[in-house]
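Asks: File name structure17.tsv; file contents TSV, C-alpha atoms and all ligand atoms; full text below.
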```
chain	number	residue	atom	x	y	z
A	1	PRO	CA	17.75	15.39	4.91
A	2	ILE	CA	14.04	15.59	5.52
A	3	TYR	CA	12.17	12.37	5.06
A	4	LEU	CA	9.02	12.69	2.97
A	5	ASP	CA	8.88	9.19	1.53
A	6	ASN	CA	6.52	7.53	3.99
A	7	HIS	CA	4.81	5.46	1.29
A	8	ALA	CA	8.09	3.68	0.64
A	9	THR	CA	8.61	2.92	4.29
A	10	THR	CA	8.44	4.59	7.70
A	11	ARG	CA	10.73	5.17	10.65
A	12	VAL	CA	10.08	2.63	13.40
A	13	ASP	CA	8.30	4.27	16.33
A	14	PRO	CA	10.44	4.04	19.50
A	15	ARG	CA	7.44	2.57	21.35
A	16	VAL	CA	7.39	-0.27	18.82
A	17	ILE	CA	11.09	-0.98	19.31
A	18	GLU	CA	10.58	-1.04	23.05
A	19	SER	CA	7.85	-3.66	22.74
A	20	MET	CA	10.11	-5.86	20.59
A	21	LEU	CA	13.32	-5.80	22.61
A	22	PRO	CA	12.53	-8.51	25.19
A	23	TYR	CA	11.89	-10.96	22.37
A	24	PHE	CA	15.47	-10.71	21.16
A	25	THR	CA	17.26	-11.20	24.43
A	26	GLN	CA	14.91	-12.76	27.00
A	27	GLN	CA	11.89	-14.44	25.45
A	28	TYR	CA	13.78	-15.58	22.39
A	29	GLY	CA	12.32	-19.08	22.12
A	30	ASN	CA	10.94	-20.67	18.98
A	31	ALA	CA	7.16	-20.39	19.24
A	32	ASN	CA	6.95	-24.03	18.16
A	33	SER	CA	9.05	-25.38	21.04
A	34	ARG	CA	7.38	-27.03	24.01
A	35	HIS	CA	9.71	-25.69	26.71
A	36	ALA	CA	9.10	-22.52	28.70
A	37	PHE	CA	11.00	-20.30	26.25
A	38	GLY	CA	8.91	-21.59	23.38
A	39	GLN	CA	5.66	-21.25	25.30
A	40	GLU	CA	6.43	-17.63	26.20
A	41	ALA	CA	7.09	-16.86	22.59
A	42	ALA	CA	3.95	-18.69	21.49
A	43	GLN	CA	1.91	-16.73	23.98
A	44	ALA	CA	3.30	-13.42	22.73
A	45	VAL	CA	2.37	-14.46	19.19
A	46	ASP	CA	-1.16	-15.39	20.30
A	47	VAL	CA	-1.67	-12.04	22.00
A	48	ALA	CA	-0.34	-10.15	18.95
A	49	ARG	CA	-2.41	-12.23	16.55
A	50	GLU	CA	-5.56	-11.53	18.53
A	51	ALA	CA	-4.86	-7.80	18.65
A	52	ILE	CA	-4.08	-7.56	14.94
A	53	ALA	CA	-7.14	-9.61	14.03
A	54	ALA	CA	-9.45	-7.59	16.27
A	55	SER	CA	-8.23	-4.30	14.84
A	56	ILE	CA	-9.38	-5.26	11.34
A	57	GLY	CA	-12.56	-7.03	12.49
A	58	ALA	CA	-11.14	-10.52	11.95
A	59	MET	CA	-10.69	-13.65	14.05
A	60	PRO	CA	-7.18	-14.73	15.15
A	61	GLU	CA	-7.27	-17.91	13.06
A	62	GLU	CA	-7.87	-15.80	9.95
A	63	ILE	CA	-4.42	-14.17	10.16
A	64	VAL	CA	-1.39	-15.72	8.42
A	65	PHE	CA	1.92	-14.04	9.20
A	66	THR	CA	4.25	-13.54	6.25
A	67	SER	CA	7.44	-11.61	5.49
A	68	GLY	CA	5.47	-8.63	4.17
A	69	ALA	CA	2.83	-7.55	1.72
A	70	THR	CA	4.72	-8.85	-1.31
A	71	GLU	CA	4.58	-12.36	0.10
A	72	SER	CA	0.97	-11.90	1.23
A	73	ASN	CA	-0.04	-10.86	-2.29
A	74	ASN	CA	1.79	-13.82	-3.79
A	75	LEU	CA	0.19	-16.21	-1.32
A	76	ALA	CA	-3.30	-14.87	-2.01
A	77	ILE	CA	-3.07	-14.64	-5.79
A	78	ARG	CA	-0.93	-17.62	-6.67
A	79	GLY	CA	-2.26	-19.63	-3.73
A	80	ILE	CA	-5.87	-19.29	-4.92
A	81	ALA	CA	-5.17	-19.51	-8.64
A	82	GLU	CA	-2.87	-22.50	-8.38
A	83	HIS	CA	-5.15	-24.57	-6.18
A	84	PRO	CA	-6.14	-27.69	-8.11
A	85	ARG	CA	-9.82	-27.15	-7.24
A	86	ARG	CA	-10.08	-23.49	-8.14
A	87	ARG	CA	-13.26	-22.10	-9.67
A	88	GLY	CA	-11.91	-21.46	-13.14
A	89	ASP	CA	-9.09	-19.39	-14.43
A	90	PRO	CA	-10.02	-15.78	-15.17
A	91	LEU	CA	-8.46	-13.29	-12.77
A	92	VAL	CA	-9.46	-9.64	-12.58
A	93	SER	CA	-7.38	-6.77	-11.26
A	94	VAL	CA	-6.50	-3.14	-12.05
A	95	ARG	CA	-3.76	-1.50	-14.10
A	96	THR	CA	-2.66	0.70	-11.19
A	97	GLU	CA	-1.92	-2.12	-8.74
A	98	HIS	CA	1.50	-2.46	-7.11
A	99	SER	CA	4.00	-4.69	-8.90
A	100	ALA	CA	3.63	-7.17	-6.03
A	101	VAL	CA	0.16	-7.85	-7.48
A	102	LEU	CA	0.88	-7.29	-11.18
A	103	GLN	CA	3.92	-9.56	-11.29
A	104	PRO	CA	2.23	-12.63	-9.77
A	105	LEU	CA	-0.63	-12.05	-12.24
A	106	GLU	CA	1.82	-11.86	-15.10
A	107	LYS	CA	3.41	-15.13	-14.02
A	108	LEU	CA	-0.01	-16.75	-13.98
A	109	GLN	CA	-0.76	-15.32	-17.40
A	110	GLY	CA	2.46	-16.92	-18.61
A	111	LYS	CA	1.07	-20.24	-17.40
A	112	GLY	CA	-2.06	-19.78	-19.47
A	113	PHE	CA	-4.39	-18.03	-17.02
A	114	GLU	CA	-6.69	-15.37	-18.39
A	115	VAL	CA	-6.01	-12.05	-16.66
A	116	SER	CA	-7.95	-8.84	-17.22
A	117	LEU	CA	-6.82	-5.50	-15.87
A	118	LEU	CA	-9.34	-2.72	-15.45
A	119	GLY	CA	-8.62	0.88	-16.36
A	120	VAL	CA	-9.21	3.85	-14.05
A	121	ALA	CA	-10.72	7.35	-14.17
A	122	GLN	CA	-8.39	9.67	-16.07
A	123	HIS	CA	-6.02	12.44	-15.02
A	124	GLY	CA	-7.72	15.77	-14.47
A	125	THR	CA	-11.01	14.29	-13.26
A	126	SER	CA	-11.93	14.60	-9.60
A	127	GLU	CA	-11.95	10.82	-9.15
A	128	ALA	CA	-8.73	10.19	-11.10
A	129	GLY	CA	-7.46	6.68	-10.36
A	130	ARG	CA	-10.78	5.14	-9.26
A	131	ILE	CA	-12.11	2.11	-11.04
A	132	ASP	CA	-15.50	2.14	-12.73
A	133	LEU	CA	-17.86	-0.31	-11.02
A	134	ALA	CA	-19.74	-0.94	-14.25
A	135	ASP	CA	-16.46	-1.99	-15.90
A	136	LEU	CA	-15.79	-4.35	-13.05
A	137	GLU	CA	-19.26	-5.82	-13.22
A	138	SER	CA	-19.01	-6.50	-16.93
A	139	SER	CA	-15.62	-8.17	-16.52
A	140	LEU	CA	-16.86	-10.71	-13.95
A	141	ARG	CA	-17.86	-14.22	-14.96
A	142	ASP	CA	-19.24	-17.15	-13.05
A	143	ASP	CA	-15.91	-18.93	-13.29
A	144	THR	CA	-13.77	-15.93	-12.26
A	145	THR	CA	-11.27	-17.32	-9.78
A	146	LEU	CA	-10.22	-14.18	-7.97
A	147	VAL	CA	-10.59	-10.42	-8.05
A	148	SER	CA	-7.66	-8.44	-6.61
A	149	ILE	CA	-8.06	-4.71	-6.05
A	150	MET	CA	-6.01	-2.49	-3.75
A	151	LEU	CA	-7.60	-0.28	-1.11
A	152	ALA	CA	-5.24	2.72	-1.34
A	153	ASN	CA	-2.73	3.38	-4.09
A	154	ASN	CA	0.91	3.85	-3.12
A	155	GLU	CA	1.58	6.60	-5.69
A	156	ILE	CA	-1.55	8.72	-5.92
A	157	GLY	CA	-3.28	7.69	-2.69
A	158	VAL	CA	-6.60	7.02	-4.40
A	159	ILE	CA	-8.99	4.91	-2.32
A	160	GLN	CA	-11.02	2.32	-4.21
A	161	PRO	CA	-14.68	1.61	-3.32
A	162	LEU	CA	-14.01	-1.80	-1.81
A	163	ALA	CA	-17.43	-2.27	-0.21
A	164	GLU	CA	-19.16	-1.80	-3.58
A	165	ILE	CA	-16.55	-4.00	-5.27
A	166	ALA	CA	-17.19	-6.71	-2.67
A	167	GLU	CA	-20.90	-6.56	-3.29
A	168	LEU	CA	-20.41	-7.22	-7.01
A	169	CYS	CA	-18.01	-10.10	-6.32
A	170	GLY	CA	-20.20	-11.50	-3.56
A	171	LYS	CA	-23.23	-11.78	-5.87
A	172	ARG	CA	-21.32	-14.30	-7.95
A	173	GLY	CA	-19.44	-15.91	-5.06
A	174	ILE	CA	-16.06	-14.69	-6.39
A	175	PRO	CA	-13.31	-14.37	-3.77
A	176	LEU	CA	-11.99	-10.83	-3.36
A	177	HIS	CA	-8.39	-10.08	-2.43
A	178	CYS	CA	-7.35	-6.60	-1.39
A	179	ASP	CA	-3.83	-5.21	-1.11
A	180	ALA	CA	-4.44	-2.85	1.80
A	181	THR	CA	-0.75	-2.20	2.46
A	182	GLN	CA	-1.01	1.59	2.27
A	183	ALA	CA	-4.38	1.81	3.98
A	184	VAL	CA	-4.20	-0.23	7.18
A	185	GLY	CA	-3.28	2.02	10.10
A	186	LYS	CA	-4.08	5.16	8.10
A	187	ILE	CA	-7.80	4.89	7.34
A	188	PRO	CA	-10.42	2.69	9.04
A	189	VAL	CA	-10.27	-0.86	7.67
A	190	ASP	CA	-12.73	-3.54	8.73
A	191	VAL	CA	-12.77	-6.70	6.63
A	192	ASN	CA	-16.45	-7.30	7.34
A	193	GLU	CA	-17.61	-3.79	6.58
A	194	LEU	CA	-15.59	-3.91	3.38
A	195	GLY	CA	-16.56	-7.51	2.59
A	196	ILE	CA	-13.01	-8.54	1.72
A	197	ASP	CA	-12.06	-12.27	1.68
A	198	LEU	CA	-8.27	-11.91	1.63
A	199	MET	CA	-6.24	-8.88	2.63
A	200	SER	CA	-2.51	-8.10	2.56
A	201	PHE	CA	-0.85	-5.64	4.92
A	202	THR	CA	2.61	-4.99	6.31
A	203	ALA	CA	4.21	-3.47	9.42
A	204	HIS	CA	6.85	-1.22	7.87
A	205	LYS	CA	4.30	1.17	6.36
A	206	MET	CA	2.85	1.91	9.80
A	207	TYR	CA	5.99	2.69	11.81
A	208	GLY	CA	6.70	-0.97	12.50
A	209	PRO	CA	9.64	-3.16	11.47
A	210	LYS	CA	10.41	-4.39	7.95
A	211	GLY	CA	10.09	-8.05	7.06
A	212	ILE	CA	6.80	-8.81	8.79
A	213	GLY	CA	3.34	-8.70	7.28
A	214	ALA	CA	0.11	-10.62	7.21
A	215	LEU	CA	-2.54	-12.08	4.98
A	216	TYR	CA	-6.08	-12.10	6.29
A	217	VAL	CA	-7.96	-15.15	4.97
A	218	ARG	CA	-11.71	-15.26	5.64
A	219	ARG	CA	-13.06	-18.45	7.18
A	220	LYS	CA	-16.13	-19.19	5.20
A	221	ARG	CA	-18.22	-21.96	3.66
A	222	PRO	CA	-17.29	-23.30	1.26
A	223	ALA	CA	-13.74	-22.75	2.49
A	224	LEU	CA	-11.35	-20.64	0.42
A	225	ARG	CA	-8.91	-23.10	-1.09
A	226	MET	CA	-5.39	-21.74	-1.14
A	227	SER	CA	-2.17	-23.60	-1.93
A	228	PRO	CA	0.70	-22.69	0.41
A	229	GLN	CA	3.60	-21.04	-1.39
A	230	ILE	CA	6.20	-21.72	1.28
A	231	VAL	CA	6.27	-25.27	2.60
A	232	GLY	CA	8.38	-26.81	5.32
A	233	GLY	CA	7.74	-27.27	9.03
A	234	GLY	CA	3.98	-26.83	8.69
A	235	GLN	CA	3.71	-23.76	10.93
A	236	GLN	CA	0.49	-21.68	10.84
A	237	SER	CA	-1.60	-24.76	10.01
A	238	GLY	CA	0.57	-25.41	6.97
A	239	ARG	CA	-0.53	-22.19	5.28
A	240	ARG	CA	2.91	-20.61	5.65
A	241	SER	CA	5.82	-22.59	7.00
A	242	GLY	CA	8.82	-21.09	8.71
A	243	THR	CA	9.80	-20.12	12.24
A	244	LEU	CA	7.64	-17.24	13.36
A	245	ASN	CA	9.31	-13.83	13.54
A	246	VAL	CA	8.30	-13.28	17.16
A	247	PRO	CA	9.83	-9.81	17.75
A	248	GLY	CA	8.48	-8.70	14.36
A	249	ILE	CA	4.99	-9.98	15.15
A	250	VAL	CA	4.98	-8.27	18.56
A	251	GLY	CA	6.20	-5.03	16.95
A	252	PHE	CA	3.63	-5.31	14.17
A	253	ALA	CA	0.80	-5.56	16.71
A	254	ARG	CA	2.13	-2.59	18.70
A	255	ALA	CA	2.57	-0.51	15.53
A	256	LEU	CA	-0.98	-1.20	14.45
A	257	GLU	CA	-2.32	-0.47	17.92
A	258	LEU	CA	-0.55	2.91	18.01
A	259	SER	CA	-1.67	3.80	14.49
A	260	ILE	CA	-5.28	3.08	15.30
A	261	GLU	CA	-5.13	4.96	18.60
A	262	GLN	CA	-3.84	8.06	16.81
A	263	MET	CA	-5.68	7.64	13.54
A	264	GLU	CA	-8.33	10.31	13.83
A	265	GLU	CA	-6.04	13.00	15.13
A	266	GLU	CA	-3.20	12.02	12.84
A	267	SER	CA	-5.26	11.98	9.67
A	268	THR	CA	-6.49	15.49	10.40
A	269	ARG	CA	-2.92	16.65	11.01
A	270	LEU	CA	-1.59	15.01	7.85
A	271	THR	CA	-4.43	16.42	5.77
A	272	GLN	CA	-3.57	19.89	7.03
A	273	LEU	CA	0.14	19.44	6.33
A	274	ARG	CA	-0.62	18.22	2.82
A	275	LEU	CA	-2.82	21.22	2.09
A	276	ARG	CA	-0.17	23.52	3.51
A	277	LEU	CA	2.50	22.02	1.26
A	278	HIS	CA	0.28	22.08	-1.82
A	279	GLU	CA	-0.92	25.66	-1.30
A	280	ASN	CA	2.57	26.86	-0.53
A	281	LEU	CA	3.84	25.38	-3.81
A	282	VAL	CA	0.96	26.82	-5.81
A	283	GLU	CA	1.67	30.20	-4.27
A	284	ARG	CA	5.34	30.03	-5.20
A	285	LEU	CA	5.04	28.44	-8.63
A	286	GLY	CA	1.59	29.51	-9.78
A	287	THR	CA	-1.37	27.32	-10.71
A	288	GLU	CA	0.23	26.57	-14.08
A	289	GLY	CA	3.45	25.45	-12.44
A	290	VAL	CA	1.92	22.73	-10.24
A	291	MET	CA	-0.59	20.10	-11.24
A	292	LEU	CA	-2.29	17.64	-8.88
A	293	CYS	CA	-2.05	13.99	-9.98
A	294	GLY	CA	-4.66	11.57	-8.72
A	295	PRO	CA	-8.01	12.34	-7.12
A	296	GLU	CA	-9.07	15.75	-5.89
A	297	TYR	CA	-8.86	15.87	-2.10
A	298	ARG	CA	-9.80	19.47	-1.34
A	299	THR	CA	-13.46	18.61	-0.95
A	300	LYS	CA	-15.74	17.41	1.82
A	301	ASN	CA	-15.07	13.87	0.72
A	302	GLU	CA	-11.35	14.18	1.05
A	303	LEU	CA	-10.79	11.34	3.50
A	304	LYS	CA	-12.86	8.99	1.39
A	305	GLN	CA	-10.98	9.72	-1.83
A	306	ARG	CA	-7.34	9.91	-0.96
A	307	LEU	CA	-4.90	8.84	1.76
A	308	PRO	CA	-4.32	11.71	4.18
A	309	GLY	CA	-0.51	11.96	3.82
A	310	ASN	CA	-0.35	11.52	0.04
A	311	LEU	CA	0.40	14.30	-2.40
A	312	ASN	CA	1.51	13.68	-5.98
A	313	LEU	CA	2.32	16.72	-8.05
A	314	ALA	CA	3.49	17.29	-11.60
A	315	PHE	CA	5.75	20.24	-12.40
A	316	PRO	CA	5.13	20.83	-16.12
A	317	GLY	CA	8.29	21.10	-18.18
A	318	ILE	CA	10.53	19.79	-15.40
A	319	ASP	CA	12.19	16.39	-15.22
A	320	GLY	CA	11.38	14.74	-11.89
A	321	GLU	CA	14.69	12.92	-11.65
A	322	ALA	CA	16.63	16.12	-12.31
A	323	LEU	CA	14.48	17.84	-9.70
A	324	LEU	CA	15.34	15.20	-7.11
A	325	LEU	CA	19.04	15.64	-7.82
A	326	GLU	CA	18.64	19.37	-7.20
A	327	MET	CA	17.29	18.71	-3.69
A	328	PRO	CA	19.69	16.49	-1.76
A	329	ASN	CA	18.05	17.76	1.44
A	330	LEU	CA	14.75	16.08	0.64
A	331	ALA	CA	14.08	12.34	0.61
A	332	LEU	CA	11.26	11.92	-1.90
A	333	SER	CA	10.52	9.81	-4.91
A	334	SER	CA	9.60	10.82	-8.43
A	335	GLY	CA	7.12	9.30	-10.83
A	336	ALA	CA	9.80	9.14	-13.46
A	337	ALA	CA	10.49	5.50	-12.83
A	338	CYS	CA	8.55	2.83	-10.96
A	339	SER	CA	11.80	1.63	-9.54
A	340	SER	CA	15.32	2.87	-9.93
A	341	ALA	CA	16.14	-0.19	-12.04
A	342	ASP	CA	13.41	0.67	-14.50
A	343	ALA	CA	13.63	3.62	-16.87
A	344	SER	CA	9.98	3.69	-17.92
A	345	PRO	CA	7.65	6.21	-16.29
A	346	SER	CA	5.27	5.15	-13.54
A	347	HIS	CA	2.66	2.69	-14.82
A	348	VAL	CA	0.16	4.28	-12.44
A	349	LEU	CA	0.50	7.74	-13.96
A	350	MET	CA	0.43	6.23	-17.45
A	351	ALA	CA	-2.81	4.40	-16.57
A	352	LEU	CA	-4.26	7.80	-15.66
A	353	GLY	CA	-3.68	8.76	-19.28
A	354	MET	CA	-0.89	11.22	-18.50
A	355	LYS	CA	1.59	11.96	-21.26
A	356	GLU	CA	5.02	10.48	-20.71
A	357	ASP	CA	6.78	13.79	-20.10
A	358	ALA	CA	4.08	14.87	-17.64
A	359	ALA	CA	4.42	11.55	-15.81
A	360	ARG	CA	8.15	12.11	-15.66
A	361	SER	CA	7.68	15.55	-14.14
A	362	THR	CA	6.11	14.34	-10.91
A	363	LEU	CA	7.09	14.10	-7.27
A	364	ARG	CA	5.39	11.90	-4.71
A	365	PHE	CA	5.24	13.35	-1.22
A	366	GLY	CA	4.48	10.88	1.56
A	367	ILE	CA	3.90	12.89	4.73
A	368	GLY	CA	4.05	10.91	7.95
A	369	ARG	CA	3.95	10.80	11.74
A	370	PHE	CA	7.36	12.34	12.28
A	371	ASN	CA	7.00	15.29	9.89
A	372	SER	CA	6.51	18.76	11.33
A	373	GLU	CA	5.07	21.98	9.92
A	374	GLU	CA	8.60	23.43	9.72
A	375	GLU	CA	9.72	20.50	7.60
A	376	ILE	CA	6.79	20.94	5.25
A	377	ASP	CA	7.56	24.64	4.82
A	378	PHE	CA	11.22	23.86	4.24
A	379	ALA	CA	10.28	21.25	1.62
A	380	ALA	CA	8.03	23.72	-0.24
A	381	GLU	CA	10.80	26.28	-0.29
A	382	GLN	CA	13.36	23.73	-1.54
A	383	VAL	CA	11.09	22.38	-4.28
A	384	ALA	CA	10.12	25.84	-5.52
A	385	ALA	CA	13.75	26.99	-5.56
A	386	ALA	CA	14.89	23.85	-7.39
A	387	VAL	CA	12.12	24.21	-9.99
A	388	ALA	CA	13.14	27.84	-10.54
A	389	ARG	CA	16.81	26.85	-10.96
A	390	LEU	CA	15.96	24.15	-13.51
A	391	LYS	CA	13.69	26.53	-15.44
A	392	GLN	CA	16.43	29.11	-15.57
A	393	LEU	CA	18.92	26.53	-16.73
A	394	GLN	CA	16.54	25.46	-19.48
A	395	SER	CA	15.98	29.01	-20.70
A	396	SER	CA	19.68	29.80	-20.69
A	397	THR	CA	20.53	26.65	-22.65
A	398	GLY	CA	17.47	27.12	-24.83
A	399	SER	CA	16.28	23.55	-24.27
A	401	LIG	N1	1.65	-3.30	-2.00
A	401	LIG	C1	1.68	-1.96	-1.92
A	401	LIG	C2	0.49	-1.17	-2.33
A	401	LIG	C3	2.84	-1.32	-1.48
A	401	LIG	O1	2.88	0.01	-1.41
A	401	LIG	C4	3.95	-2.10	-1.09
A	401	LIG	C5	5.21	-1.45	-0.62
A	401	LIG	O2	6.04	-1.03	-1.39
A	401	LIG	C6	3.87	-3.50	-1.18
A	401	LIG	C7	2.69	-4.05	-1.62
A	401	LIG	C8	5.02	-4.39	-0.78
A	401	LIG	O3	5.09	-4.51	0.61
A	401	LIG	P1	6.33	-5.21	1.35
A	401	LIG	O4	7.46	-4.24	1.23
A	401	LIG	O5	5.89	-5.41	2.75
A	401	LIG	O6	6.59	-6.49	0.66
```
I'd like the structure from this file rewritten - as structure tokens, please.
Replies:
Amino acid sequence: PIYLDNHATTRVDPRVIESMLPYFTQQYGNANSRHAFGQEAAQAVDVAREAIAASIGAMPEEIVFTSGATESNNLAIRGIAEHPRRRGDPLVSVRTEHSAVLQPLEKLQGKGFEVSLLGVAQHGTSEAGRIDLADLESSLRDDTTLVSIMLANNEIGVIQPLAEIAELCGKRGIPLHCDATQAVGKIPVDVNELGIDLMSFTAHKMYGPKGIGALYVRRKRPALRMSPQIVGGGQQSGRRSGTLNVPGIVGFARALELSIEQMEEESTRLTQLRLRLHENLVERLGTEGVMLCGPEYRTKNELKQRLPGNLNLAFPGIDGEALLLEMPNLALSSGAACSSADASPSHVLMALGMKEDAARSTLRFGIGRFNSEEEIDFAAEQVAAAVARLKQLQSSTGS
């Protein structure tokens, strides 16, 4: 099958694997141990930490390694909100966030915290999925504890105006957390240019290994007060205990380095592949047969509005899940359900104001580093043929 689900996860780049191997079999020490094995491991972690920090404009001591973006989001949101000396209790976020942000917020709400979720620009508008800065401004209060807004959405690829968001938060001294999981390694991300105080990211979305991520925590005055969520041996200055995943950290740094090296070239290539796929489908199915979900990208602003490899399309009248079953040769996901365990349609598409059956008719294409033009053409052909088969089936059964 052809893999077009690069928002879910990515294949590990062989160069990343190569960088990790010595840390399984030769330099396998615990980075906390004082002997030579431990010191070698600690040094590898230091080098990786410095590289990762530098590539997002941070300092090494501002990086906390975690098991991934889910844990980073939990540490940022619950860690800040649950600190005994927090600012207040209101938290502000957006309806289209990933569940790794929405669920921690829901837990806090259950404990009595006040949580407000902003809406986004509606389906069919060129900025579909973007928040309205005036809405954000009017939802902020002097005692707001934290604002959490993602940089790039995992379903529709929309990029939020983080620098402007940061300016509004900064005026009131409100800490700003950003889930940048889908953005880091794909578009330029600098925590100072964006003015972010806390930022989650993870290696497995950028051709690195699963199970390793980071939270950037700005060093500032007054200091951000954050309660650790995982306590134990006191590693990472007590902010996140647990033996460091040395091979994972080394691979994470290498993956990020490679992604940044290739970013400009790769984003142009992915943008071209996306357009090729989209135009091919429109040609085969007609403009009425394919509808773009999320922000318009076929404009001069395209890189500012939407992740390069993201395409989310609705096929009116077709059930996305049925469509997936028709195409065993393609690895994709549909907007029919947020997760396979959940039968309700994507909360992101619903937040765009899409009707339920339209939301259920969508496919999310995540084009990545290892996809070729031939694969894209094959995918277009498969999707168009499967849509035609389902339409024919519907007309013959009269449903
Ligand atoms: N946040 C976003 C926007 C994501 O796309 C994902 C991945 O599914 C996560 C968080 C969770 O990341 P991880 O799998 O590293 O916990």
Asks: List as a list in words the protein and nucleic acid residues lying within 6 Å of ligand LIG 401 (chain A), with all atoms listed in the file counted.
Replies: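 I would give the residues around ligand LIG 401 (chain A) as Ala8, Gly68, Ala69, Thr70, His98, Ala100, Asn153, Asn154, Asp179, Thr181, Gln182 and Thr202 of chain A.
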Asks: For Asp13 in chain A, which residue out of A:Phe113, A:Tyr297, A:Phe252, A:Tyr207 is the nearest one, using all atoms listed in the file?
Replies: A:Tyr207
Asks: Rank nothing, just name the residue among A:Gln272, A:Thr397, A:Ser334, A:Gln382 nearest to Ile367 in chain A, using only C-alpha atoms.
Replies: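 Smallest distance to Ile367 in chain A is found for A:Gln272.
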Asks: Between CA of Glu155 in chain A and CA of Ser72 in chain A, measure the distance and give it in Å to one decimal.
Replies: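 For CA of Glu155 in chain A relative to CA of Ser72 in chain A, the distance reads 19.8 Å.
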Asks: Name the residues in contact with Tyr216 in chain A at a cut-off of 7 Å, using all atoms listed in the file, excluding same-chain residues fewer than 3 positions from it; report them as an mmCIF file with C-alpha atoms, keeping the file's coordinate frame.
Replies:
```cif
data_model
loop_
_atom_site.group_PDB
_atom_site.id
_atom_site.type_symbol
_atom_site.label_atom_id
_atom_site.label_comp_id
_atom_site.auth_asym_id
_atom_site.auth_seq_id
_atom_site.Cartn_x
_atom_site.Cartn_y
_atom_site.Cartn_z
ATOM 1 C CA GLU A 62 -7.870 -15.800 9.950
ATOM 2 C CA ILE A 63 -4.420 -14.170 10.160
ATOM 3 C CA VAL A 64 -1.390 -15.720 8.420
ATOM 4 C CA LEU A 198 -8.270 -11.910 1.630
ATOM 5 C CA MET A 199 -6.240 -8.880 2.630
ATOM 6 C CA SER A 200 -2.510 -8.100 2.560
#
```
Asks: Report as a PyMOL selection string all protein, DNA and RNA residues lying within 8 Å of Gly129 in chain A, evaluated on only C-alpha atoms, omitting residues in the same chain fewer than 5 positions from it.
Replies: chain A and resi 96+120-123+156+158+294-295+352
Asks: Check the smallest atom-to-atom distance from each of A:Thr25, A:Thr287, A:Ser126, A:Pro345 to Thr299 in chain A using all atoms listed in the file, then report the winner.
Replies: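 Ranked by minimum distance to Thr299 in chain A, first place goes to A:Ser126.
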Asks: Under the rule that only C-alpha atoms are counted, which of A:Ala203, A:Ala53, A:Ala48, A:Cys293 is the nearest residue to Arg360 in chain A?
Replies: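 Checking each candidate against Arg360 in chain A, we get A:Cys293 as the closest.
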Asks: List the neighbours of Ala31 in chain A out to 6 Å using only C-alpha atoms; skip same-chain residues closer than 6 positions along the sequence, and give me the result as JSON, numbers by chain.
Replies: {"A": [38, 41, 42]}
Asks: One number please: CA of Gly335 in chain A to CA of Ala322 in chain A, in Å, one decimal.
Replies: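 These atoms are spaced 11.8 Å apart.
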Asks: Let me make sure I understand: among A:Val184, A:Leu136, A:Ala128, A:Leu105, which one has the smallest atom-to-atom distance to Glu167 in chain A if we use only C-alpha atoms?
Replies: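 Comparing A:Val184, A:Leu136, A:Ala128, A:Leu105 against Glu167 in chain A, the winner is A:Leu136.
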Asks: State, in Å with one decimal place, the distance from CA of Gln305 in chain A to CA of Leu323 in chain A.
Replies: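 Computing the Euclidean distance for CA of Gln305 in chain A and CA of Leu323 in chain A yields 27.9 Å.
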Asks: In the coordinate frame of the file, compute which residues have an atom within 12 Å of (0.7, 26.3, -9.3) when using all atoms listed in the file, and state them as a list of chain:residue names.
Replies: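 Within the cut-off we find A:Leu277, A:His278, A:Glu279, A:Asn280, A:Leu281, A:Val282, A:Glu283, A:Arg284, A:Leu285, A:Gly286, A:Thr287, A:Glu288, A:Gly289, A:Val290, A:Met291, A:Leu292, A:Leu313, A:Ala314, A:Phe315, A:Pro316, A:Ala380, A:Ala384, A:Val387.
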Asks: Could the residues in this selection be saved with C-alpha atoms as a compact mmCIF listing (two decimals), keeping the file's coordinate frame?
Replies:
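Final output, saved to out.txt:
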```txt
# COMPACT_ATOMS: atom_id res chain seq x y z
CA LEU A 277 2.50 22.02 1.26
CA HIS A 278 0.28 22.08 -1.82
CA GLU A 279 -0.92 25.66 -1.30
CA ASN A 280 2.57 26.86 -0.53
CA LEU A 281 3.84 25.38 -3.81
CA VAL A 282 0.96 26.82 -5.81
CA GLU A 283 1.67 30.20 -4.27
CA ARG A 284 5.34 30.03 -5.20
CA LEU A 285 5.04 28.44 -8.63
CA GLY A 286 1.59 29.51 -9.78
CA THR A 287 -1.37 27.32 -10.71
CA GLU A 288 0.23 26.57 -14.08
CA GLY A 289 3.45 25.45 -12.44
CA VAL A 290 1.92 22.73 -10.24
CA MET A 291 -0.59 20.10 -11.24
CA LEU A 292 -2.29 17.64 -8.88
CA LEU A 313 2.32 16.72 -8.05
CA ALA A 314 3.49 17.29 -11.60
CA PHE A 315 5.75 20.24 -12.40
CA PRO A 316 5.13 20.83 -16.12
CA ALA A 380 8.03 23.72 -0.24
CA ALA A 384 10.12 25.84 -5.52
CA VAL A 387 12.12 24.21 -9.99
```
Asks: If we count all atoms listed in the file and set the cut-off at 6 Å, which residues sit around Thr145 in chain A, ignoring sequence neighbours fewer than 4 positions away in its own chain? Please answer as an NGL selection string.
Replies: :A and (87-91)
Asks: When you count all atoms listed in the file, which of these residues is closest to Leu363 in chain A: A:Leu330, A:Ala343, A:Leu75, A:Met226?
Replies: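 For Leu363 in chain A, the nearest of the candidates is A:Leu330.
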Asks: Would you kindly identify which residues have an atom no farther than 10 Å from (0.0, -24.5, -2.3), using all atoms listed in the file and the file's own coordinates, and write them out as an NGL selection string?
Replies: :A and (75 or 78-84 or 225-231 or 238-240)
